[in-house]
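Participant: Here it is, the structure, as structure tokens.
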Amino acid sequence: HVFDSPMINKVFRSFWIFLFLLPLFSCGFKKPMIANPGFSSADIKASTFCLMDENDTFSSLALIKFNTSEGLYSVKAALIIKRPSYLRVELLPVIGAPDFFLTISPKKMKILIPSKGEFYSGLPTVENIKKFLPWPMAIEDMIMILTGMYPSFQETNVSSQMHREDKIVRLEMKASSGCSQIIWLGEHNQLLKIIRYDEMGEEIYHVHYTYSNNDSECPEEITIKMADGITSLFIKYSDVKIEKQTDLSVFDLAISDNVKEFT
């Protein structure tokens, strides 16, 4: 099977489990919240990471550290992301060319491991994701996490309150299901922190954003900690680029004849 190698089992499985696990236990997501009654545009400006729109493509190098019950891991990767459901990940080894590629688009999910001559392809459905991960989720939710966007709720009935704490704006949101979250926006309209709660009011996770300076719209670092006190994810972006992109071929993988394909 494509994921039989120890490196994939121990490193990438843990990494993707974390990314998929985080939104799964977050009471569900819908489309990114762009506005809320009672909030000015200045208050909610930080609701989209780097002010990206649907025509923007985000690319970056990333140092990724994640801690699970299985241990602490650190990897370097190249990421390309386009909302709502496009993703490309390349693992960057210390020496040599990347040996793990993953691409996801609305109609296809592909994984290539050149050194093993193995290739997987299939629809990016929940059922296909279940072949690799015990906690399946929609690709749109994973993109929200990778781009540092705070989630909205599945329900349309969401109450919201805004409070000012000196130079900080605190947004409190609660869905009819009982799920809630608190979001902090900084003096320079930067998204600083998120705490997510379940229906019982118990914390699920919290997220911290760090910026290189007060003028930065994109967070340089994202730290996510689960309420279990063990599981955490740290991402440090570098060489960030946000560009208009109509060519989506980067979110596809071409394979040679000598590669064994799994579907």
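Labels used: A, B, ... for chains in the order of the structure tokens, numbers from 1 for residues in each chain, and numbers from 1 for ligands as shown.
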List as number ranges by chain the protein and nucleic acid residues near stretch 236-248 of chain A, meaning an atom at most 6 Å away when only C-alpha atoms are counted, but skip any in the same chain fewer than 6 places from it.
Facilitator: A: 55-63, 220-221
Participant: Go ahead and dump the residues you just picked, N, CA and C atoms, as an mmCIF file, in the first residue's frame.
Facilitator:
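The file below, out02.cif, is the result:
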data_model
loop_
_atom_site.group_PDB
_atom_site.id
_atom_site.type_symbol
_atom_site.label_atom_id
_atom_site.label_comp_id
_atom_site.auth_asym_id
_atom_site.auth_seq_id
_atom_site.Cartn_x
_atom_site.Cartn_y
_atom_site.Cartn_z
ATOM 1 N N ASN A 55 -9.576 34.256 -6.134
ATOM 2 C CA ASN A 55 -8.660 34.243 -7.273
ATOM 3 C C ASN A 55 -7.198 34.211 -6.855
ATOM 4 N N ASP A 56 -6.932 34.216 -5.555
ATOM 5 C CA ASP A 56 -5.556 34.238 -5.057
ATOM 6 C C ASP A 56 -5.034 32.836 -4.786
ATOM 7 N N THR A 57 -3.750 32.659 -5.053
ATOM 8 C CA THR A 57 -3.056 31.430 -4.694
ATOM 9 C C THR A 57 -1.973 31.761 -3.679
ATOM 10 N N PHE A 58 -1.970 31.025 -2.582
ATOM 11 C CA PHE A 58 -0.995 31.211 -1.512
ATOM 12 C C PHE A 58 0.087 30.143 -1.640
ATOM 13 N N SER A 59 1.339 30.565 -1.646
ATOM 14 C CA SER A 59 2.442 29.602 -1.680
ATOM 15 C C SER A 59 3.472 30.000 -0.639
ATOM 16 N N SER A 60 4.124 28.996 -0.054
ATOM 17 C CA SER A 60 5.069 29.269 1.017
ATOM 18 C C SER A 60 5.919 28.050 1.298
ATOM 19 N N LEU A 61 7.108 28.296 1.821
ATOM 20 C CA LEU A 61 7.866 27.250 2.488
ATOM 21 C C LEU A 61 7.386 27.210 3.932
ATOM 22 N N ALA A 62 7.432 26.059 4.547
ATOM 23 C CA ALA A 62 6.900 25.951 5.904
ATOM 24 C C ALA A 62 7.736 24.999 6.737
ATOM 25 N N LEU A 63 8.104 25.454 7.915
ATOM 26 C CA LEU A 63 8.663 24.577 8.939
ATOM 27 C C LEU A 63 7.493 24.120 9.797
ATOM 28 N N GLU A 220 3.092 35.077 10.480
ATOM 29 C CA GLU A 220 4.334 34.357 10.181
ATOM 30 C C GLU A 220 4.332 32.984 10.835
ATOM 31 N N GLU A 221 3.691 32.889 11.991
ATOM 32 C CA GLU A 221 3.650 31.626 12.724
ATOM 33 C C GLU A 221 2.224 31.351 13.203
#
Participant: Please return, as a ChimeraX atom specification, all residues of stretch 61-139 of chain A that DSSP assigns to strand (DSSP E) on the basis of the backbone.
Facilitator: /A:61-68,71-82,86-91,101-105,108-113,118-122
Participant: Please identify all polymer residues within 9 Å of A:Ser176, counting only C-alpha atoms, omitting same-chain residues fewer than 4 positions from it, and present them as a list in words.
Facilitator: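 After dropping sequence-adjacent residues, the list is Glu155, Thr156, Asn157, Val158 and Ser159 of chain A.
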Participant: Can you work out which one of A:Phe119, A:Asp257, A:Glu140, A:Ile195 has the shortest atom-to-atom distance to A:Ala227, counting only C-alpha atoms?
Facilitator: A:Ile195
Participant: Just want the 9 Å neighbourhood of A:Pro98, counted on only C-alpha atoms, with same-chain residues fewer than 4 positions away dropped. Output as a PyMOL selection string.
Facilitator: chain A and resi 77+90-93+113-114
Participant: Enumerate, as a list in words, the complete set of residues in stretch 94-247 of chain A that a backbone-based DSSP assignment places in helix (DSSP H, G or I).
Facilitator: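 Checking each residue of stretch 94-247 of chain A, the helix (DSSP H, G or I) ones are Pro114, Ser115, Lys116, Val126, Glu127, Asn128, Ile129, Ile139, Glu140, Asp141, Met142, Ile143, Met144, Ile145 and Leu146 of chain A.
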Participant: Using N, CA and C atoms, can you export the residues from the last selection as a compact mmCIF listing (two decimals), in the first residue's frame?
Facilitator:
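Contents of out09.txt, freshly written:
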# COMPACT_ATOMS: atom_id res chain seq x y z
N PRO A 114 7.92 9.07 -5.44
CA PRO A 114 8.80 8.67 -6.54
C PRO A 114 9.77 7.54 -6.19
N SER A 115 10.36 7.56 -5.00
CA SER A 115 11.37 6.56 -4.65
C SER A 115 10.79 5.15 -4.60
N LYS A 116 9.51 5.04 -4.33
CA LYS A 116 8.85 3.74 -4.28
C LYS A 116 8.12 3.42 -5.57
N VAL A 126 -15.07 11.91 1.22
CA VAL A 126 -14.84 11.49 2.60
C VAL A 126 -14.47 10.01 2.63
N GLU A 127 -15.11 9.20 1.80
CA GLU A 127 -14.82 7.77 1.79
C GLU A 127 -13.39 7.49 1.35
N ASN A 128 -12.88 8.21 0.36
CA ASN A 128 -11.51 8.01 -0.07
C ASN A 128 -10.51 8.49 0.97
N ILE A 129 -10.83 9.60 1.61
CA ILE A 129 -9.95 10.10 2.66
C ILE A 129 -9.85 9.09 3.79
N ILE A 139 -12.12 18.70 2.32
CA ILE A 139 -10.91 19.44 2.02
C ILE A 139 -11.07 20.92 2.34
N GLU A 140 -12.28 21.46 2.17
CA GLU A 140 -12.49 22.88 2.45
C GLU A 140 -12.15 23.23 3.90
N ASP A 141 -12.43 22.33 4.81
CA ASP A 141 -12.13 22.59 6.22
C ASP A 141 -10.63 22.58 6.48
N MET A 142 -9.92 21.68 5.81
CA MET A 142 -8.48 21.63 5.98
C MET A 142 -7.82 22.90 5.44
N ILE A 143 -8.33 23.41 4.31
CA ILE A 143 -7.80 24.64 3.75
C ILE A 143 -7.97 25.80 4.71
N MET A 144 -9.10 25.82 5.41
CA MET A 144 -9.33 26.88 6.39
C MET A 144 -8.25 26.87 7.46
N ILE A 145 -7.88 25.70 7.93
CA ILE A 145 -6.85 25.60 8.96
C ILE A 145 -5.50 26.04 8.41
N LEU A 146 -5.13 25.57 7.24
CA LEU A 146 -3.82 25.88 6.67
C LEU A 146 -3.67 27.36 6.34
Participant: Which distance in Å separates atom CA of A:Gly186 and atom CA of A:Gly229, to one decimal?
Facilitator: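 According to the coordinates, atom CA of A:Gly186 and atom CA of A:Gly229 are separated by 25.8 Å.
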Participant: Quick one: everything within 7 Å of A:Tyr205, counting only C-alpha atoms, minus sequence neighbours fewer than 2 positions away in the same chain. Send it as a PDB file with all heavy atoms, in the first residue's frame.
Facilitator:
ATOM      1  N   ILE A 195     -10.204  30.676  20.423  1.00  0.00           N
ATOM      2  CA  ILE A 195     -10.500  29.550  21.312  1.00  0.00           C
ATOM      3  C   ILE A 195     -11.835  28.967  20.874  1.00  0.00           C
ATOM      4  O   ILE A 195     -12.827  29.687  20.747  1.00  0.00           O
ATOM      5  CB  ILE A 195     -10.573  29.957  22.788  1.00  0.00           C
ATOM      6  CG1 ILE A 195      -9.256  30.561  23.257  1.00  0.00           C
ATOM      7  CG2 ILE A 195     -10.920  28.745  23.651  1.00  0.00           C
ATOM      8  CD1 ILE A 195      -9.250  30.960  24.720  1.00  0.00           C
ATOM      9  N   ARG A 196     -11.852  27.657  20.641  1.00  0.00           N
ATOM     10  CA  ARG A 196     -13.045  26.976  20.168  1.00  0.00           C
ATOM     11  C   ARG A 196     -13.598  26.076  21.278  1.00  0.00           C
ATOM     12  O   ARG A 196     -12.827  25.381  21.959  1.00  0.00           O
ATOM     13  CB  ARG A 196     -12.700  26.126  18.954  1.00  0.00           C
ATOM     14  CG  ARG A 196     -13.895  25.491  18.263  1.00  0.00           C
ATOM     15  CD  ARG A 196     -14.632  26.472  17.385  1.00  0.00           C
ATOM     16  NE  ARG A 196     -15.672  25.809  16.614  1.00  0.00           N
ATOM     17  CZ  ARG A 196     -16.263  26.334  15.559  1.00  0.00           C
ATOM     18  NH1 ARG A 196     -15.887  27.520  15.134  1.00  0.00           N
ATOM     19  NH2 ARG A 196     -17.208  25.686  14.920  1.00  0.00           N
ATOM     20  N   GLU A 203     -13.380  23.492  26.188  1.00  0.00           N
ATOM     21  CA  GLU A 203     -12.443  23.922  25.150  1.00  0.00           C
ATOM     22  C   GLU A 203     -12.022  22.744  24.276  1.00  0.00           C
ATOM     23  O   GLU A 203     -11.731  21.656  24.786  1.00  0.00           O
ATOM     24  CB  GLU A 203     -11.219  24.574  25.772  1.00  0.00           C
ATOM     25  CG  GLU A 203     -10.201  25.055  24.746  1.00  0.00           C
ATOM     26  CD  GLU A 203      -8.977  25.701  25.359  1.00  0.00           C
ATOM     27  OE1 GLU A 203      -9.118  26.350  26.417  1.00  0.00           O
ATOM     28  OE2 GLU A 203      -7.881  25.548  24.796  1.00  0.00           O
ATOM     29  N   VAL A 207      -5.782  28.651  19.195  1.00  0.00           N
ATOM     30  CA  VAL A 207      -4.835  28.995  18.134  1.00  0.00           C
ATOM     31  C   VAL A 207      -4.224  30.344  18.445  1.00  0.00           C
ATOM     32  O   VAL A 207      -4.929  31.286  18.840  1.00  0.00           O
ATOM     33  CB  VAL A 207      -5.528  29.053  16.759  1.00  0.00           C
ATOM     34  CG1 VAL A 207      -4.507  29.294  15.651  1.00  0.00           C
ATOM     35  CG2 VAL A 207      -6.324  27.779  16.486  1.00  0.00           C
ATOM     36  N   ILE A 224      -1.202  25.805  17.138  1.00  0.00           N
ATOM     37  CA  ILE A 224      -2.497  25.233  17.491  1.00  0.00           C
ATOM     38  C   ILE A 224      -2.274  24.201  18.589  1.00  0.00           C
ATOM     39  O   ILE A 224      -1.429  23.310  18.447  1.00  0.00           O
ATOM     40  CB  ILE A 224      -3.158  24.545  16.284  1.00  0.00           C
ATOM     41  CG1 ILE A 224      -3.208  25.504  15.082  1.00  0.00           C
ATOM     42  CG2 ILE A 224      -4.552  24.060  16.638  1.00  0.00           C
ATOM     43  CD1 ILE A 224      -3.585  24.833  13.788  1.00  0.00           C
ATOM     44  N   LYS A 225      -3.019  24.321  19.662  1.00  0.00           N
ATOM     45  CA  LYS A 225      -2.901  23.374  20.764  1.00  0.00           C
ATOM     46  C   LYS A 225      -4.271  22.800  21.088  1.00  0.00           C
ATOM     47  O   LYS A 225      -5.226  23.535  21.317  1.00  0.00           O
ATOM     48  CB  LYS A 225      -2.310  24.050  22.005  1.00  0.00           C
ATOM     49  CG  LYS A 225      -0.855  24.488  21.816  1.00  0.00           C
ATOM     50  CD  LYS A 225      -0.275  25.063  23.104  1.00  0.00           C
ATOM     51  CE  LYS A 225       1.179  25.461  22.923  1.00  0.00           C
ATOM     52  NZ  LYS A 225       1.767  25.998  24.172  1.00  0.00           N
ATOM     53  N   MET A 226      -4.334  21.462  21.107  1.00  0.00           N
ATOM     54  CA  MET A 226      -5.577  20.796  21.458  1.00  0.00           C
ATOM     55  C   MET A 226      -5.743  20.794  22.975  1.00  0.00           C
ATOM     56  O   MET A 226      -4.777  20.922  23.728  1.00  0.00           O
ATOM     57  CB  MET A 226      -5.573  19.359  20.934  1.00  0.00           C
ATOM     58  CG  MET A 226      -5.374  19.241  19.428  1.00  0.00           C
ATOM     59  SD  MET A 226      -6.694  20.003  18.467  1.00  0.00           S
ATOM     60  CE  MET A 226      -8.048  18.870  18.812  1.00  0.00           C
ATOM     61  N   ALA A 227      -6.975  20.649  23.410  1.00  0.00           N
ATOM     62  CA  ALA A 227      -7.273  20.704  24.840  1.00  0.00           C
ATOM     63  C   ALA A 227      -6.740  19.502  25.602  1.00  0.00           C
ATOM     64  O   ALA A 227      -6.719  19.515  26.834  1.00  0.00           O
ATOM     65  CB  ALA A 227      -8.779  20.832  25.062  1.00  0.00           C
TER      66      ALA A 227
END
Participant: Enter the distance from atom CA of A:Gly178 to atom CA of A:Met162, in Å, rounded to one decimal.
Facilitator: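 Going from atom CA of A:Gly178 over to atom CA of A:Met162 covers 18.1 Å.
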Participant: Write out as an MDAnalysis selection string which residues come within 6 Å of stretch 165-172 of chain A when counting only C-alpha atoms, dropping same-chain ones fewer than 6 positions away.
Facilitator: chainID A and resid 182:187
Participant: Show me, as a PyMOL selection string, the residues that have an atom within 10 Å of A:Tyr209 when counting only C-alpha atoms, minus same-chain residues fewer than 5 positions from it.
Facilitator: chain A and resi 148+190-194+218-224+235
